[in-house]
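Just upload_36.pdb here, PDB, C-alpha atoms, pLDDT in the B column:
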```pdb
ATOM      1  CA  MET A 272     -33.612  16.090  76.536  1.00 61.00           C
ATOM      2  CA  LYS A 273     -33.144  19.043  74.199  1.00 65.00           C
ATOM      3  CA  GLU A 274     -36.479  20.440  75.380  1.00 73.00           C
ATOM      4  CA  ILE A 275     -35.255  20.500  78.978  1.00 74.00           C
ATOM      5  CA  TYR A 276     -32.075  22.369  78.030  1.00 72.00           C
ATOM      6  CA  PHE A 277     -34.073  24.807  75.943  1.00 74.00           C
ATOM      7  CA  LYS A 278     -36.482  25.466  78.823  1.00 78.00           C
ATOM      8  CA  VAL A 279     -33.657  25.963  81.329  1.00 79.00           C
ATOM      9  CA  ILE A 280     -31.779  28.307  79.006  1.00 80.00           C
ATOM     10  CA  SER A 281     -34.984  30.236  78.265  1.00 80.00           C
ATOM     11  CA  ILE A 282     -35.744  30.656  81.977  1.00 82.00           C
ATOM     12  CA  CYS A 283     -32.184  31.785  82.719  1.00 75.00           C
ATOM     13  CA  PHE A 284     -32.274  34.269  79.847  1.00 76.00           C
ATOM     14  CA  ALA A 285     -35.630  35.670  80.998  1.00 75.00           C
ATOM     15  CA  GLN A 286     -34.294  36.061  84.534  1.00 77.00           C
ATOM     16  CA  LEU A 287     -31.212  37.903  83.277  1.00 73.00           C
ATOM     17  CA  ILE A 288     -33.398  40.342  81.381  1.00 74.00           C
ATOM     18  CA  PHE A 289     -35.679  40.837  84.394  1.00 72.00           C
ATOM     19  CA  ILE A 290     -32.782  41.327  86.822  1.00 71.00           C
ATOM     20  CA  GLY A 291     -31.090  43.725  84.421  1.00 64.00           C
ATOM     21  CA  GLN A 292     -34.180  45.891  84.235  1.00 61.00           C
ATOM     22  CA  ILE A 293     -34.537  45.961  88.010  1.00 60.00           C
ATOM     23  CA  SER A 294     -30.877  46.781  88.637  1.00 60.00           C
ATOM     24  CA  PHE A 295     -30.935  49.829  86.357  1.00 61.00           C
ATOM     25  CA  ALA A 296     -34.148  51.088  87.937  1.00 58.00           C
ATOM     26  CA  GLN A 297     -32.685  51.356  91.443  1.00 58.00           C
ATOM     27  CA  ASN A 298     -31.600  54.562  93.098  1.00 65.00           C
ATOM     28  CA  LYS A 299     -28.036  55.171  94.186  1.00 70.00           C
ATOM     29  CA  ILE A 300     -27.166  53.049  97.206  1.00 70.00           C
ATOM     30  CA  THR A 301     -25.726  54.829 100.200  1.00 76.00           C
ATOM     31  CA  LEU A 302     -23.722  52.917 102.758  1.00 77.00           C
ATOM     32  CA  SER A 303     -24.015  53.532 106.464  1.00 85.00           C
ATOM     33  CA  ARG A 304     -21.424  51.848 108.655  1.00 88.00           C
ATOM     34  CA  PRO A 305     -23.561  51.580 111.824  1.00 90.00           C
ATOM     35  CA  LYS A 306     -26.533  50.171 109.922  1.00 90.00           C
ATOM     36  CA  ASP A 307     -24.348  47.769 107.929  1.00 91.00           C
ATOM     37  CA  VAL A 308     -22.621  46.528 111.097  1.00 93.00           C
ATOM     38  CA  ILE A 309     -25.974  45.924 112.811  1.00 94.00           C
ATOM     39  CA  ILE A 310     -27.431  44.082 109.821  1.00 93.00           C
ATOM     40  CA  SER A 311     -24.261  41.996 109.320  1.00 94.00           C
ATOM     41  CA  GLY A 312     -24.111  41.174 113.044  1.00 95.00           C
ATOM     42  CA  ALA A 313     -27.762  40.147 113.088  1.00 96.00           C
ATOM     43  CA  GLY A 314     -27.259  37.954 110.022  1.00 95.00           C
ATOM     44  CA  ALA A 315     -24.164  36.307 111.496  1.00 96.00           C
ATOM     45  CA  THR A 316     -25.974  35.738 114.800  1.00 96.00           C
ATOM     46  CA  LEU A 317     -28.933  34.115 113.066  1.00 96.00           C
ATOM     47  CA  PHE A 318     -26.630  31.935 110.963  1.00 96.00           C
ATOM     48  CA  LEU A 319     -24.548  30.786 113.945  1.00 96.00           C
ATOM     49  CA  GLY A 320     -27.679  30.211 116.055  1.00 95.00           C
ATOM     50  CA  GLY A 321     -29.246  28.106 113.327  1.00 94.00           C
ATOM     51  CA  TYR A 322     -26.036  26.130 112.881  1.00 93.00           C
ATOM     52  CA  TYR A 323     -25.790  25.533 116.643  1.00 94.00           C
ATOM     53  CA  PHE A 324     -29.353  24.219 116.878  1.00 93.00           C
ATOM     54  CA  TYR A 325     -28.847  22.125 113.724  1.00 90.00           C
ATOM     55  CA  GLN A 326     -25.848  20.414 115.335  1.00 90.00           C
ATOM     56  CA  LYS A 327     -27.782  19.736 118.561  1.00 91.00           C
ATOM     57  CA  LYS A 328     -30.672  18.071 116.728  1.00 89.00           C
ATOM     58  CA  ASP A 329     -30.745  14.309 117.193  1.00 89.00           C
ATOM     59  CA  PRO A 330     -31.225  12.244 114.034  1.00 88.00           C
ATOM     60  CA  LEU A 331     -34.262  10.006 113.751  1.00 87.00           C
ATOM     61  CA  SER A 332     -33.867   6.431 114.931  1.00 91.00           C
ATOM     62  CA  VAL A 333     -34.665   3.448 112.729  1.00 92.00           C
ATOM     63  CA  GLU A 334     -37.863   2.859 114.741  1.00 93.00           C
ATOM     64  CA  GLN A 335     -39.035   6.442 114.274  1.00 90.00           C
ATOM     65  CA  ILE A 336     -38.392   6.247 110.539  1.00 86.00           C
ATOM     66  CA  SER A 337     -40.226   2.938 110.211  1.00 88.00           C
ATOM     67  CA  ASN A 338     -43.268   4.391 112.029  1.00 90.00           C
ATOM     68  CA  LEU A 339     -43.665   7.248 109.535  1.00 87.00           C
ATOM     69  CA  LYS A 340     -46.769   7.074 107.323  1.00 87.00           C
ATOM     70  CA  ILE A 341     -47.465   8.822 104.054  1.00 85.00           C
ATOM     71  CA  SER A 342     -51.013   9.531 105.232  1.00 86.00           C
ATOM     72  CA  ASP A 343     -49.584  11.784 107.984  1.00 86.00           C
ATOM     73  CA  ILE A 344     -48.124  14.137 105.360  1.00 86.00           C
ATOM     74  CA  ASN A 345     -50.149  17.104 104.111  1.00 88.00           C
ATOM     75  CA  SER A 346     -51.841  16.365 100.805  1.00 86.00           C
ATOM     76  CA  PHE A 347     -49.968  19.112  98.962  1.00 87.00           C
ATOM     77  CA  ASP A 348     -46.602  17.688 100.125  1.00 87.00           C
ATOM     78  CA  ARG A 349     -47.292  14.043  99.241  1.00 85.00           C
ATOM     79  CA  PRO A 350     -46.035  14.248  95.614  1.00 83.00           C
ATOM     80  CA  ALA A 351     -42.539  14.873  97.037  1.00 83.00           C
ATOM     81  CA  VAL A 352     -42.529  11.460  98.761  1.00 83.00           C
ATOM     82  CA  ASN A 353     -40.938   8.387  97.158  1.00 78.00           C
ATOM     83  CA  ASN A 354     -39.019  10.413  94.567  1.00 78.00           C
ATOM     84  CA  TYR A 355     -35.471   9.141  95.051  1.00 81.00           C
ATOM     85  CA  SER A 356     -32.696  10.171  92.701  1.00 85.00           C
ATOM     86  CA  VAL A 357     -29.034   9.318  93.256  1.00 89.00           C
ATOM     87  CA  GLY A 358     -27.927  12.450  91.415  1.00 90.00           C
ATOM     88  CA  ALA A 359     -30.219  14.657  93.456  1.00 86.00           C
ATOM     89  CA  ALA A 360     -29.046  12.992  96.693  1.00 87.00           C
ATOM     90  CA  ASP A 361     -25.396  13.614  95.767  1.00 90.00           C
ATOM     91  CA  ALA A 362     -26.101  17.244  94.819  1.00 90.00           C
ATOM     92  CA  SER A 363     -27.987  17.761  98.081  1.00 88.00           C
ATOM     93  CA  ASP A 364     -25.094  16.342 100.088  1.00 89.00           C
ATOM     94  CA  ILE A 365     -22.586  18.565  98.290  1.00 91.00           C
ATOM     95  CA  LEU A 366     -24.694  21.700  98.767  1.00 87.00           C
ATOM     96  CA  LEU A 367     -25.321  20.915 102.430  1.00 85.00           C
TER
END
```
When written as structure tokens, how does the structure in this file appear?
Amino acid sequence: MKEIYFKVISICFAQLIFIGQISFAQNKITLSRPKDVIISGAGATLFLGGYYFYQKKDPLSVEQISNLKISDINSFDRPAVNNYSVGAADASDILL
């Protein structure tokens, strides 16, 4: 357990150092209202479009779920199957 915490803290520390070096290496940022409005509008449009299509998507029926086979999954994605964790399910629901 201590090894996991040590690894996580080490990774976070390394990322902070890396991000710090990148942030000081950047040039001065100049803002442009027309460009910022276009980029923000495009981002909002993509977000709302994705949310709209997500809401329209029908959930799988019990029959469709029961007909799924592990052999139909790509070989590099198969290790992700049958790994159920209550904590991970709760965290996923909260983040969704």
Pairwise distance for atom CA of Val279 of chain A and atom CA of Asp364 of chain A, rounded to one decimal in Å: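 Atom CA of Val279 of chain A sits 22.8 Å away from atom CA of Asp364 of chain A.
The interatomic distance for the pair atom CA of Ile336 of chain A and atom CA of Asp348 of chain A works out to 17.5 Å.
Picture a line from atom CA of Ile275 of chain A to atom CA of Leu367 of chain A; it runs 25.5 Å.
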